[in-house]
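Visitor: Structure file final_14.cif (mmCIF, C-alpha atoms and all ligand atoms) right here:
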data_coords
#
loop_
_atom_site.label_atom_id
_atom_site.label_comp_id
_atom_site.auth_asym_id
_atom_site.auth_seq_id
_atom_site.Cartn_x
_atom_site.Cartn_y
_atom_site.Cartn_z
CA MET L 1 82.84 3.79 -2.95
CA PRO L 2 86.44 3.81 -1.69
CA ASP L 3 87.53 7.07 -0.10
CA SER L 4 89.87 9.11 -2.23
CA LYS L 5 93.35 9.90 -0.96
CA PRO L 6 93.29 12.92 1.31
CA ASP L 7 94.41 16.18 -0.27
CA TRP L 8 96.37 17.50 2.75
CA PRO L 9 98.52 14.64 3.99
CA ARG L 10 101.18 16.90 5.50
CA ALA L 11 98.85 19.31 7.25
CA LYS L 12 98.85 19.28 11.00
CA LEU L 13 97.04 22.57 11.56
CA HIS L 14 93.87 23.25 9.56
CA VAL L 15 92.71 26.84 9.88
CA VAL L 16 89.11 27.48 8.80
CA THR L 17 88.17 31.04 7.86
CA GLY L 18 85.51 32.64 5.66
CA LYS L 19 83.01 35.46 5.58
CA GLY L 20 80.86 35.76 8.70
CA GLY L 21 77.90 33.39 8.76
CA THR L 22 78.97 31.22 5.82
CA GLY L 23 79.56 28.22 8.09
CA LYS L 24 83.15 28.44 9.42
CA SER L 25 82.28 26.85 12.75
CA THR L 26 80.16 24.16 11.13
CA VAL L 27 82.83 23.28 8.58
CA ALA L 28 85.60 23.32 11.22
CA ALA L 29 83.59 20.86 13.34
CA ALA L 30 82.80 18.61 10.38
CA LEU L 31 86.44 18.66 9.29
CA ALA L 32 87.58 17.69 12.80
CA LEU L 33 85.18 14.72 12.78
CA ALA L 34 86.38 13.70 9.32
CA LEU L 35 90.06 13.93 10.28
CA ALA L 36 89.38 11.88 13.40
CA SER L 37 88.51 8.72 11.49
CA HIS L 38 91.09 5.91 11.48
CA GLY L 39 91.80 6.21 15.20
CA LYS L 40 93.29 9.69 15.04
CA ASN L 41 93.16 12.27 17.83
CA VAL L 42 92.02 15.68 16.65
CA LEU L 43 91.69 18.93 18.57
CA LEU L 44 89.04 21.45 17.55
CA CYS L 45 89.85 24.98 18.83
CA GLU L 46 87.82 28.16 18.90
CA VAL L 47 89.14 31.64 19.62
CA GLU L 48 86.15 33.93 19.16
CA GLY L 49 84.76 33.49 22.66
CA ARG L 50 81.27 32.46 21.64
CA GLN L 51 81.07 28.82 22.77
CA GLY L 52 80.01 27.76 19.29
CA ILE L 53 81.58 24.31 19.71
CA ALA L 54 79.58 23.57 22.86
CA ARG L 55 76.41 24.61 21.07
CA MET L 56 77.10 22.50 17.98
CA PHE L 57 77.99 19.39 19.98
CA ASP L 58 75.27 20.02 22.52
CA VAL L 59 77.54 19.93 25.57
CA ASP L 60 78.07 22.28 28.54
CA GLN L 61 80.18 25.43 28.05
CA LEU L 62 83.78 24.51 27.39
CA PRO L 63 86.52 25.53 29.83
CA TYR L 64 90.05 26.63 28.92
CA GLU L 65 91.06 23.00 28.87
CA GLU L 66 91.12 20.20 26.31
CA ARG L 67 88.00 18.08 26.61
CA ARG L 68 86.85 15.01 24.74
CA ILE L 69 83.65 15.95 22.91
CA ALA L 70 82.89 13.34 20.27
CA ALA L 71 83.95 10.17 18.52
CA GLY L 72 85.32 10.77 15.05
CA LEU L 73 83.69 9.63 11.86
CA THR L 74 83.56 5.85 11.53
CA GLY L 75 85.80 4.96 8.59
CA PRO L 76 85.85 1.88 6.37
CA ASP L 77 88.20 0.20 8.87
CA GLY L 78 85.65 0.80 11.62
CA THR L 79 87.92 2.48 14.16
CA PRO L 80 86.95 6.09 14.70
CA GLY L 81 89.33 8.40 16.52
CA THR L 82 88.44 11.07 19.04
CA VAL L 83 87.68 14.76 18.74
CA TYR L 84 88.75 16.96 21.64
CA ALA L 85 87.77 20.60 21.96
CA LEU L 86 89.45 23.65 23.40
CA HIS L 87 87.89 27.04 23.99
CA ILE L 88 90.74 29.56 23.91
CA ASP L 89 90.22 32.97 25.42
CA ALA L 90 92.90 35.63 25.72
CA GLU L 91 92.41 36.24 29.44
CA SER L 92 93.00 32.60 30.37
CA ALA L 93 95.94 32.41 27.97
CA LEU L 94 97.50 35.47 29.62
CA LEU L 95 97.02 34.07 33.13
CA GLU L 96 98.51 30.78 32.03
CA TYR L 97 101.43 32.58 30.49
CA LEU L 98 102.05 34.62 33.65
CA ALA L 99 101.73 31.55 35.85
CA MET L 100 104.19 29.68 33.66
CA TYR L 101 106.83 32.33 33.33
CA TYR L 102 106.54 34.23 36.60
CA ARG L 103 104.82 31.65 38.79
CA LEU L 104 102.17 34.25 39.43
CA GLY L 105 99.24 31.94 39.91
CA ARG L 106 97.60 33.95 42.63
CA ALA L 107 99.01 37.32 41.75
CA GLY L 108 97.75 36.66 38.24
CA ARG L 109 94.22 36.47 39.53
CA ALA L 110 94.80 39.74 41.41
CA LEU L 111 95.94 41.31 38.16
CA ASP L 112 92.66 40.23 36.69
CA ARG L 113 90.81 42.22 39.33
CA PHE L 114 92.81 45.34 38.66
CA GLY L 115 91.99 45.18 35.03
CA VAL L 116 95.49 44.75 33.69
CA ILE L 117 94.22 41.88 31.64
CA GLU L 118 91.50 44.01 30.24
CA PHE L 119 94.17 46.45 29.22
CA ALA L 120 96.24 43.79 27.53
CA THR L 121 93.36 42.17 25.75
CA THR L 122 91.03 45.03 24.91
CA ILE L 123 93.24 48.07 24.53
CA ALA L 124 95.91 46.25 22.62
CA PRO L 125 94.18 43.91 20.16
CA GLY L 126 97.54 42.78 18.82
CA VAL L 127 98.38 41.37 22.25
CA ARG L 128 95.14 39.47 22.23
CA ASP L 129 96.01 37.79 18.93
CA VAL L 130 99.52 36.95 20.16
CA LEU L 131 97.98 35.16 23.15
CA LEU L 132 95.39 33.30 21.06
CA THR L 133 97.78 32.19 18.32
CA GLY L 134 100.36 31.26 20.96
CA LYS L 135 97.95 28.81 22.51
CA VAL L 136 97.03 27.32 19.12
CA PHE L 137 100.73 26.90 18.42
CA GLU L 138 101.25 25.13 21.75
CA ALA L 139 98.48 22.67 20.89
CA ALA L 140 99.72 21.99 17.36
CA LYS L 141 103.50 21.91 17.82
CA GLU L 142 105.55 18.71 17.69
CA GLY L 143 106.95 17.21 20.85
CA ARG L 144 104.50 18.63 23.39
CA ARG L 145 105.70 17.75 26.85
CA GLY L 146 104.20 17.62 30.30
CA LYS L 147 101.86 15.62 32.45
CA ASN L 148 98.68 14.43 30.73
CA VAL L 149 99.67 16.22 27.54
CA ARG L 150 98.24 14.71 24.42
CA GLN L 151 99.94 14.83 21.05
CA TYR L 152 97.34 15.45 18.34
CA ASP L 153 97.40 14.10 14.81
CA ALA L 154 95.64 17.26 13.68
CA VAL L 155 94.39 20.54 15.09
CA VAL L 156 91.45 22.37 13.49
CA LEU L 157 91.01 26.05 14.24
CA ASP L 158 87.64 27.77 13.92
CA ALA L 159 89.35 31.05 13.05
CA PRO L 160 88.44 34.73 12.75
CA PRO L 161 86.75 35.79 9.49
CA THR L 162 88.51 36.36 6.17
CA GLY L 163 88.88 40.09 6.68
CA ARG L 164 91.05 39.51 9.73
CA ILE L 165 92.75 36.20 9.07
CA ALA L 166 96.04 37.32 7.52
CA GLN L 167 96.59 39.85 10.28
CA PHE L 168 95.61 37.32 12.95
CA LEU L 169 97.97 34.60 11.74
CA GLY L 170 100.69 37.13 10.93
CA VAL L 171 100.73 38.92 14.29
CA ASN L 172 103.81 37.00 15.41
CA SER L 173 105.81 38.19 12.45
CA GLU L 174 105.12 41.78 13.55
CA LEU L 175 106.08 40.81 17.08
CA ALA L 176 109.32 39.19 15.90
CA GLY L 177 110.12 42.43 14.09
CA LEU L 178 109.50 44.48 17.22
CA ALA L 179 111.39 42.20 19.60
CA LYS L 180 114.45 41.88 17.33
CA MET L 181 116.12 39.39 19.70
CA GLY L 182 115.59 37.43 22.90
CA PRO L 183 112.99 34.87 24.00
CA ILE L 184 109.98 36.76 22.66
CA LYS L 185 111.54 36.96 19.24
CA SER L 186 112.46 33.27 19.20
CA GLN L 187 108.98 32.23 20.31
CA ALA L 188 107.38 34.49 17.67
CA ASP L 189 109.69 33.02 15.03
CA LEU L 190 108.73 29.49 16.03
CA VAL L 191 105.03 30.31 15.70
CA MET L 192 105.52 31.91 12.28
CA THR L 193 107.63 28.99 11.11
CA LEU L 194 104.75 26.60 11.84
CA PHE L 195 102.07 28.90 10.38
CA ARG L 196 104.05 29.41 7.16
CA SER L 197 105.10 25.79 6.77
CA ARG L 198 103.34 23.05 4.85
CA LYS L 199 102.08 21.75 8.16
CA THR L 200 99.53 24.57 8.13
CA VAL L 201 96.71 25.08 5.63
CA VAL L 202 94.16 27.87 5.66
CA HIS L 203 90.80 26.82 4.22
CA LEU L 204 88.15 29.35 3.20
CA VAL L 205 84.42 28.73 3.55
CA THR L 206 82.01 30.45 1.20
CA VAL L 207 78.48 30.22 -0.13
CA LEU L 208 77.59 30.68 -3.79
CA GLU L 209 76.77 34.38 -3.56
CA GLU L 210 78.62 37.34 -4.96
CA MET L 211 79.93 38.96 -1.75
CA PRO L 212 81.27 35.86 -0.02
CA VAL L 213 82.92 34.62 -3.22
CA GLN L 214 84.52 38.03 -3.73
CA GLU L 215 85.72 37.98 -0.12
CA THR L 216 87.17 34.51 -0.70
CA THR L 217 89.06 35.75 -3.75
CA ASP L 218 90.43 38.71 -1.78
CA GLY L 219 91.20 36.50 1.22
CA ILE L 220 93.32 34.14 -0.88
CA GLN L 221 95.29 37.11 -2.19
CA ASP L 222 95.79 38.51 1.33
CA LEU L 223 97.03 35.16 2.59
CA ARG L 224 99.42 34.69 -0.31
CA ARG L 225 100.75 38.21 0.11
CA ALA L 226 101.37 37.46 3.78
CA ASP L 227 103.17 34.27 2.79
CA LEU L 228 100.58 32.09 4.52
CA PRO L 229 99.60 28.70 3.06
CA VAL L 230 96.24 28.63 1.29
CA GLY L 231 94.30 25.35 1.57
CA GLY L 232 90.97 24.63 -0.09
CA VAL L 233 87.68 26.44 -0.58
CA VAL L 234 84.62 24.86 0.98
CA VAL L 235 81.44 25.86 -0.80
CA ASN L 236 78.79 25.49 1.88
CA MET L 237 74.99 25.38 1.90
CA VAL L 238 74.63 24.37 -1.72
CA ARG L 239 70.98 24.09 -2.77
CA PRO L 240 69.64 20.76 -4.00
CA GLN L 241 69.73 20.62 -7.78
CA ASP L 242 66.15 19.56 -8.36
CA LEU L 243 65.96 20.35 -12.06
CA ASN L 244 68.28 18.99 -14.74
CA ALA L 245 69.84 21.18 -17.43
CA LYS L 246 67.07 20.52 -19.95
CA ALA L 247 64.31 21.37 -17.50
CA LEU L 248 66.19 24.49 -16.39
CA ALA L 249 66.50 25.66 -19.99
CA ALA L 250 62.77 25.09 -20.56
CA VAL L 251 61.88 27.06 -17.43
CA ARG L 252 64.20 29.90 -18.35
CA GLY L 253 63.05 29.98 -21.94
CA GLY L 254 59.41 30.09 -20.83
CA THR L 255 58.63 27.12 -23.07
CA ILE L 256 56.67 25.15 -20.52
CA ASP L 257 53.01 24.94 -21.40
CA PRO L 258 50.86 25.35 -18.25
CA GLN L 259 48.25 23.05 -19.73
CA GLU L 260 50.77 20.29 -20.34
CA LEU L 261 52.04 20.75 -16.80
CA ALA L 262 48.49 20.45 -15.44
CA ALA L 263 48.01 17.28 -17.49
CA ASP L 264 51.26 15.79 -16.15
CA LEU L 265 50.22 16.64 -12.61
CA LYS L 266 46.87 15.01 -13.20
CA ALA L 267 48.59 11.87 -14.47
CA ALA L 268 50.56 11.88 -11.22
CA GLY L 269 47.29 12.10 -9.28
CA VAL L 270 47.32 15.82 -8.49
CA GLU L 271 44.33 17.92 -9.52
CA ALA L 272 45.94 21.27 -10.37
CA ASP L 273 43.97 24.43 -11.03
CA ASP L 274 45.43 27.51 -12.74
CA VAL L 275 46.59 29.04 -9.46
CA LEU L 276 48.56 25.96 -8.47
CA THR L 277 50.11 25.52 -11.93
CA GLU L 278 51.12 29.19 -12.13
CA GLY L 279 52.51 29.00 -8.57
CA LEU L 280 54.60 25.99 -9.48
CA LEU L 281 55.91 27.65 -12.63
CA GLN L 282 56.84 30.76 -10.66
CA GLU L 283 58.70 28.60 -8.15
CA ALA L 284 60.54 26.85 -10.95
CA ARG L 285 61.51 30.23 -12.44
CA ASP L 286 62.84 31.42 -9.04
CA HIS L 287 64.78 28.20 -8.65
CA ALA L 288 66.21 28.54 -12.16
CA GLU L 289 67.27 32.10 -11.45
CA ARG L 290 69.02 31.15 -8.19
CA ARG L 291 70.69 28.24 -9.94
CA ALA L 292 71.97 30.56 -12.66
CA LEU L 293 73.46 32.88 -10.01
CA GLU L 294 74.97 29.94 -8.15
CA ASP L 295 76.42 28.47 -11.32
CA SER L 296 78.11 31.75 -12.23
CA GLN L 297 79.62 31.99 -8.73
CA ARG L 298 80.69 28.33 -8.91
CA LYS L 299 82.60 29.17 -12.10
CA LEU L 300 84.46 31.92 -10.25
CA VAL L 301 85.33 29.50 -7.46
CA GLY L 302 86.58 27.07 -10.11
CA ARG L 303 89.01 29.70 -11.37
CA LEU L 304 90.59 30.21 -7.95
CA ASP L 305 93.09 27.45 -8.62
CA VAL L 306 92.74 25.78 -5.21
CA PRO L 307 90.88 22.52 -4.43
CA ALA L 308 87.16 23.10 -3.86
CA TYR L 309 84.67 21.03 -1.86
CA GLU L 310 80.88 21.32 -1.78
CA LEU L 311 78.56 20.76 1.12
CA PRO L 312 74.77 20.59 0.80
CA ARG L 313 72.42 22.89 2.65
CA LEU L 314 70.89 20.55 5.23
CA THR L 315 67.20 21.12 5.66
CA GLY L 316 66.24 22.09 9.17
CA GLY L 317 69.75 23.19 10.18
CA VAL L 318 72.74 21.25 11.45
CA ASP L 319 72.38 18.91 14.42
CA LEU L 320 75.05 16.46 15.57
CA GLY L 321 73.91 13.90 12.98
CA GLY L 322 74.19 16.62 10.36
CA LEU L 323 77.79 17.33 11.37
CA TYR L 324 78.69 13.67 10.78
CA GLU L 325 76.88 13.83 7.44
CA LEU L 326 78.95 16.85 6.39
CA ALA L 327 82.10 15.14 7.73
CA ALA L 328 81.42 12.09 5.56
CA GLU L 329 80.95 14.38 2.58
CA LEU L 330 84.30 16.13 3.19
CA LYS L 331 86.01 12.78 3.54
CA LYS L 332 84.45 11.46 0.35
CA GLN L 333 85.65 14.55 -1.51
CA GLY L 334 89.19 14.10 -0.19
CA MET L 335 89.46 17.03 2.20
CA ALA L 336 90.26 14.59 5.04
N1 LIG Z 401 75.50 23.00 5.31
C1 LIG Z 401 74.62 23.64 6.08
N2 LIG Z 401 73.30 23.35 5.98
C2 LIG Z 401 72.38 23.98 6.74
N3 LIG Z 401 72.69 24.93 7.65
C3 LIG Z 401 73.99 25.27 7.80
C4 LIG Z 401 75.02 24.63 7.04
N4 LIG Z 401 76.20 25.17 7.41
C5 LIG Z 401 75.94 26.07 8.37
N5 LIG Z 401 74.61 26.13 8.62
C6 LIG Z 401 73.92 27.00 9.60
O1 LIG Z 401 74.21 28.35 9.29
C7 LIG Z 401 74.41 29.10 10.46
C8 LIG Z 401 75.80 29.74 10.44
O2 LIG Z 401 76.77 28.70 10.49
P1 LIG Z 401 78.10 28.86 11.37
O3 LIG Z 401 77.77 29.29 12.74
O4 LIG Z 401 78.87 27.61 11.20
O5 LIG Z 401 78.77 30.05 10.56
P2 LIG Z 401 80.03 30.93 10.97
O6 LIG Z 401 80.71 31.31 9.69
O7 LIG Z 401 80.85 30.20 11.98
O8 LIG Z 401 79.32 32.18 11.63
P3 LIG Z 401 80.01 33.34 12.49
O9 LIG Z 401 80.63 34.27 11.49
O10 LIG Z 401 78.88 33.92 13.23
O11 LIG Z 401 81.04 32.67 13.38
C9 LIG Z 401 74.23 28.14 11.63
O12 LIG Z 401 72.92 28.25 12.08
C10 LIG Z 401 74.47 26.79 11.01
O13 LIG Z 401 73.79 25.74 11.68
MG MG Z 402 81.47 30.77 13.91
#
What do you get writing this file as structure tokens?
Ligand SMILES: Nc1ncnc2c1ncn2[C@@H]1O[C@H](COP(=O)(O)OP(=O)(O)OP(=O)(O)O)[C@@H](O)[C@H]1O
Ligand SMILES: [Mg+2]
Guide:
Amino acid sequence: MPDSKPDWPRAKLHVVTGKGGTGKSTVAAALALALASHGKNVLLCEVEGRQGIARMFDVDQLPYEERRIAAGLTGPDGTPGTVYALHIDAESALLEYLAMYYRLGRAGRALDRFGVIEFATTIAPGVRDVLLTGKVFEAAKEGRRGKNVRQYDAVVLDAPPTGRIAQFLGVNSELAGLAKMGPIKSQADLVMTLFRSRKTVVHLVTVLEEMPVQETTDGIQDLRRADLPVGGVVVNMVRPQDLNAKALAAVRGGTIDPQELAADLKAAGVEADDVLTEGLLQEARDHAERRALEDSQRKLVGRLDVPAYELPRLTGGVDLGGLYELAAELKKQGMA
């Protein structure tokens, strides 16, 4: 099947948010692999300090430095690109900033010992977000300069969760308001211009349960209110749909005759006693109930008026092969 045209041709920075545990990191990684087909260079960034990328790609802990971690998805033209990864932490970003602006390489490290950095990054959470978003901006901006500096076709950010995303991405607009003029204000304005432009899209990951879907709905509103560009919704960990609509209706309506079921099983070579048949029926009822809940949540997602993508729940968790599988799925559905 030919791949459909990608839905986000102008996006340079893909931000992936969602309720905790719904699969933000997994989806960000799969999206990076998918975007890195056709020979493109993609940078996957994380800012939550948990080395999730290293774990997913089964490599050593990542430094504060862009590192090649995987080949992109092999496309129909057979030339995958490359995925690089960057682990961004506020302390390193602050030291880098000090070194750059005040040439404080060594003094910067002394500051670290005296805990100034702890002050800046722990006591003032806003400062932390300014440092983190600043580094993301540096990676994603046009016309990066310097020795060994790579220009990326796309940057994917494994971002903070939905409850914090608008504030996180909007921190520079607060800063611009505070600074009023001067270099800090112009830098903050540049960052906000990128984040609010069509070069940025914020995708939301959810699962088909009430709370995450509600959080997705609220998150979209928060982002729009903050004038930040909403991308798509990725519905993750979707259960296999083992029963068709007719079978589901029969299970729900309780119209399946246990004796007929036992006879069918026997025809298929399975000797089923009453316990097994009743167990199977109970399982079918549970499945039907979960499917009904999922279907009602899927309807709500459908009403959100943004593109939606669905990823299957992979049995046995997500290894590297699984990430490529999910990447291929996102590509097929047009997210990349
Ligand atoms: N499609 C999937 N199929 C099976 N398992 C999945 C899938 N997506 C994610 N998982 C698993 O679910 C768990 C949570 O995923 P992940 O770490 O990506 O979520 P997260 O939203 O980044 O979590 P956190 O809020 O802790 O950062 C992981 O163990 C991951 O391997
Ligand atoms: Mg995560």
Visitor: From the options L:Ala30, L:Asp227, L:Asp273, L:His203, which residue's atoms come nearest to Leu311 (chain L), counting only C-alpha atoms?
Guide: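 Using only C-alpha atoms, the shortest distance to Leu311 (chain L) belongs to L:Ala30.
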Visitor: Residues at most 10 Å from ligand LIG 401 (chain Z), using only C-alpha atoms and all ligand atoms? Could they come as number ranges by chain?
Guide: L: 16-30, 46, 48, 50, 52-53, 55-56, 158-162, 205-207, 235-239, 310-319, 322-323, 325-326
Visitor: Write out as a list of chain:residue names which residues come within 9 Å of region 137-145 of chain L when counting all atoms listed in the file, dropping same-chain ones fewer than 5 positions away.
Guide: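 Residues near the query, excluding close chain neighbours: L:Lys12, L:Leu13, L:Leu43, L:Leu132, L:Arg150, L:Gln151, L:Tyr152, L:Asp153, L:Ala154, L:Val155, L:Leu190, L:Val191, L:Leu194, L:Phe195.
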Visitor: Using all atoms listed in the file, which residue out of L:Arg224, L:Arg303, L:Arg67, L:Arg252 lies closest to Ala288 (chain L)?
Guide: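 Answer, going by the shortest atom-to-atom distance: L:Arg252.
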Visitor: Quick check, in Å to one decimal: how far apart do CA of Gln187 (chain L) and CA of Ala226 (chain L) lie?
Guide: 18.9 Å
Visitor: Output region 322-332 of chain L with all heavy atoms present, as a PDB file, in the frame of the given file.
Guide:
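This is the output file selection13.pdb:
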ATOM      1  N   GLY L 322      73.864  15.842  11.549  1.00  0.00           N
ATOM      2  CA  GLY L 322      74.190  16.620  10.360  1.00  0.00           C
ATOM      3  C   GLY L 322      75.692  16.869  10.250  1.00  0.00           C
ATOM      4  O   GLY L 322      76.257  16.829   9.150  1.00  0.00           O
ATOM      5  N   LEU L 323      76.339  17.112  11.396  1.00  0.00           N
ATOM      6  CA  LEU L 323      77.790  17.330  11.370  1.00  0.00           C
ATOM      7  C   LEU L 323      78.515  16.092  10.834  1.00  0.00           C
ATOM      8  O   LEU L 323      79.456  16.206  10.043  1.00  0.00           O
ATOM      9  CB  LEU L 323      78.310  17.645  12.778  1.00  0.00           C
ATOM     10  CG  LEU L 323      78.062  19.045  13.334  1.00  0.00           C
ATOM     11  CD1 LEU L 323      78.670  19.174  14.723  1.00  0.00           C
ATOM     12  CD2 LEU L 323      78.625  20.124  12.406  1.00  0.00           C
ATOM     13  N   TYR L 324      78.070  14.906  11.275  1.00  0.00           N
ATOM     14  CA  TYR L 324      78.690  13.670  10.780  1.00  0.00           C
ATOM     15  C   TYR L 324      78.420  13.499   9.288  1.00  0.00           C
ATOM     16  O   TYR L 324      79.270  13.026   8.534  1.00  0.00           O
ATOM     17  CB  TYR L 324      78.176  12.450  11.546  1.00  0.00           C
ATOM     18  CG  TYR L 324      78.827  12.281  12.907  1.00  0.00           C
ATOM     19  CD1 TYR L 324      78.206  12.751  14.060  1.00  0.00           C
ATOM     20  CD2 TYR L 324      80.065  11.659  13.035  1.00  0.00           C
ATOM     21  CE1 TYR L 324      78.792  12.605  15.311  1.00  0.00           C
ATOM     22  CE2 TYR L 324      80.668  11.502  14.283  1.00  0.00           C
ATOM     23  CZ  TYR L 324      80.022  11.977  15.416  1.00  0.00           C
ATOM     24  OH  TYR L 324      80.612  11.832  16.640  1.00  0.00           O
ATOM     25  N   GLU L 325      77.222  13.918   8.865  1.00  0.00           N
ATOM     26  CA  GLU L 325      76.880  13.830   7.440  1.00  0.00           C
ATOM     27  C   GLU L 325      77.832  14.705   6.618  1.00  0.00           C
ATOM     28  O   GLU L 325      78.366  14.283   5.593  1.00  0.00           O
ATOM     29  CB  GLU L 325      75.455  14.358   7.275  1.00  0.00           C
ATOM     30  CG  GLU L 325      74.549  13.573   6.366  1.00  0.00           C
ATOM     31  CD  GLU L 325      73.151  14.185   6.392  1.00  0.00           C
ATOM     32  OE1 GLU L 325      72.422  13.982   7.405  1.00  0.00           O
ATOM     33  OE2 GLU L 325      72.801  14.890   5.437  1.00  0.00           O
ATOM     34  N   LEU L 326      78.047  15.930   7.103  1.00  0.00           N
ATOM     35  CA  LEU L 326      78.950  16.850   6.390  1.00  0.00           C
ATOM     36  C   LEU L 326      80.385  16.312   6.447  1.00  0.00           C
ATOM     37  O   LEU L 326      81.144  16.425   5.477  1.00  0.00           O
ATOM     38  CB  LEU L 326      78.867  18.255   7.000  1.00  0.00           C
ATOM     39  CG  LEU L 326      77.494  18.934   6.899  1.00  0.00           C
ATOM     40  CD1 LEU L 326      77.514  20.292   7.609  1.00  0.00           C
ATOM     41  CD2 LEU L 326      77.056  19.113   5.441  1.00  0.00           C
ATOM     42  N   ALA L 327      80.750  15.712   7.587  1.00  0.00           N
ATOM     43  CA  ALA L 327      82.100  15.140   7.730  1.00  0.00           C
ATOM     44  C   ALA L 327      82.313  14.043   6.681  1.00  0.00           C
ATOM     45  O   ALA L 327      83.358  13.998   6.016  1.00  0.00           O
ATOM     46  CB  ALA L 327      82.288  14.571   9.133  1.00  0.00           C
ATOM     47  N   ALA L 328      81.299  13.184   6.525  1.00  0.00           N
ATOM     48  CA  ALA L 328      81.420  12.090   5.560  1.00  0.00           C
ATOM     49  C   ALA L 328      81.583  12.650   4.148  1.00  0.00           C
ATOM     50  O   ALA L 328      82.345  12.126   3.330  1.00  0.00           O
ATOM     51  CB  ALA L 328      80.191  11.188   5.634  1.00  0.00           C
ATOM     52  N   GLU L 329      80.884  13.740   3.896  1.00  0.00           N
ATOM     53  CA  GLU L 329      80.950  14.380   2.580  1.00  0.00           C
ATOM     54  C   GLU L 329      82.369  14.929   2.334  1.00  0.00           C
ATOM     55  O   GLU L 329      82.946  14.740   1.263  1.00  0.00           O
ATOM     56  CB  GLU L 329      79.902  15.498   2.544  1.00  0.00           C
ATOM     57  CG  GLU L 329      79.514  15.978   1.186  1.00  0.00           C
ATOM     58  CD  GLU L 329      79.110  14.872   0.231  1.00  0.00           C
ATOM     59  OE1 GLU L 329      78.246  14.031   0.566  1.00  0.00           O
ATOM     60  OE2 GLU L 329      79.696  14.841  -0.870  1.00  0.00           O
ATOM     61  N   LEU L 330      82.938  15.587   3.339  1.00  0.00           N
ATOM     62  CA  LEU L 330      84.300  16.130   3.190  1.00  0.00           C
ATOM     63  C   LEU L 330      85.302  14.997   2.971  1.00  0.00           C
ATOM     64  O   LEU L 330      86.241  15.127   2.179  1.00  0.00           O
ATOM     65  CB  LEU L 330      84.697  16.936   4.427  1.00  0.00           C
ATOM     66  CG  LEU L 330      83.962  18.264   4.626  1.00  0.00           C
ATOM     67  CD1 LEU L 330      84.397  18.931   5.927  1.00  0.00           C
ATOM     68  CD2 LEU L 330      84.208  19.208   3.445  1.00  0.00           C
ATOM     69  N   LYS L 331      85.083  13.918   3.677  1.00  0.00           N
ATOM     70  CA  LYS L 331      86.010  12.780   3.540  1.00  0.00           C
ATOM     71  C   LYS L 331      85.902  12.185   2.141  1.00  0.00           C
ATOM     72  O   LYS L 331      86.898  11.901   1.494  1.00  0.00           O
ATOM     73  CB  LYS L 331      85.692  11.737   4.608  1.00  0.00           C
ATOM     74  CG  LYS L 331      86.665  10.603   4.618  1.00  0.00           C
ATOM     75  CD  LYS L 331      86.879  10.079   6.033  1.00  0.00           C
ATOM     76  CE  LYS L 331      87.991   9.048   6.033  1.00  0.00           C
ATOM     77  NZ  LYS L 331      89.313   9.640   5.903  1.00  0.00           N
ATOM     78  N   LYS L 332      84.671  12.031   1.674  1.00  0.00           N
ATOM     79  CA  LYS L 332      84.450  11.460   0.350  1.00  0.00           C
ATOM     80  C   LYS L 332      85.120  12.325  -0.720  1.00  0.00           C
ATOM     81  O   LYS L 332      85.688  11.820  -1.679  1.00  0.00           O
ATOM     82  CB  LYS L 332      82.938  11.378   0.089  1.00  0.00           C
ATOM     83  CG  LYS L 332      82.586  10.500  -1.098  1.00  0.00           C
ATOM     84  CD  LYS L 332      81.116  10.225  -1.158  1.00  0.00           C
ATOM     85  CE  LYS L 332      80.432  11.290  -1.996  1.00  0.00           C
ATOM     86  NZ  LYS L 332      78.970  11.241  -1.882  1.00  0.00           N
TER      87      LYS L 332
END
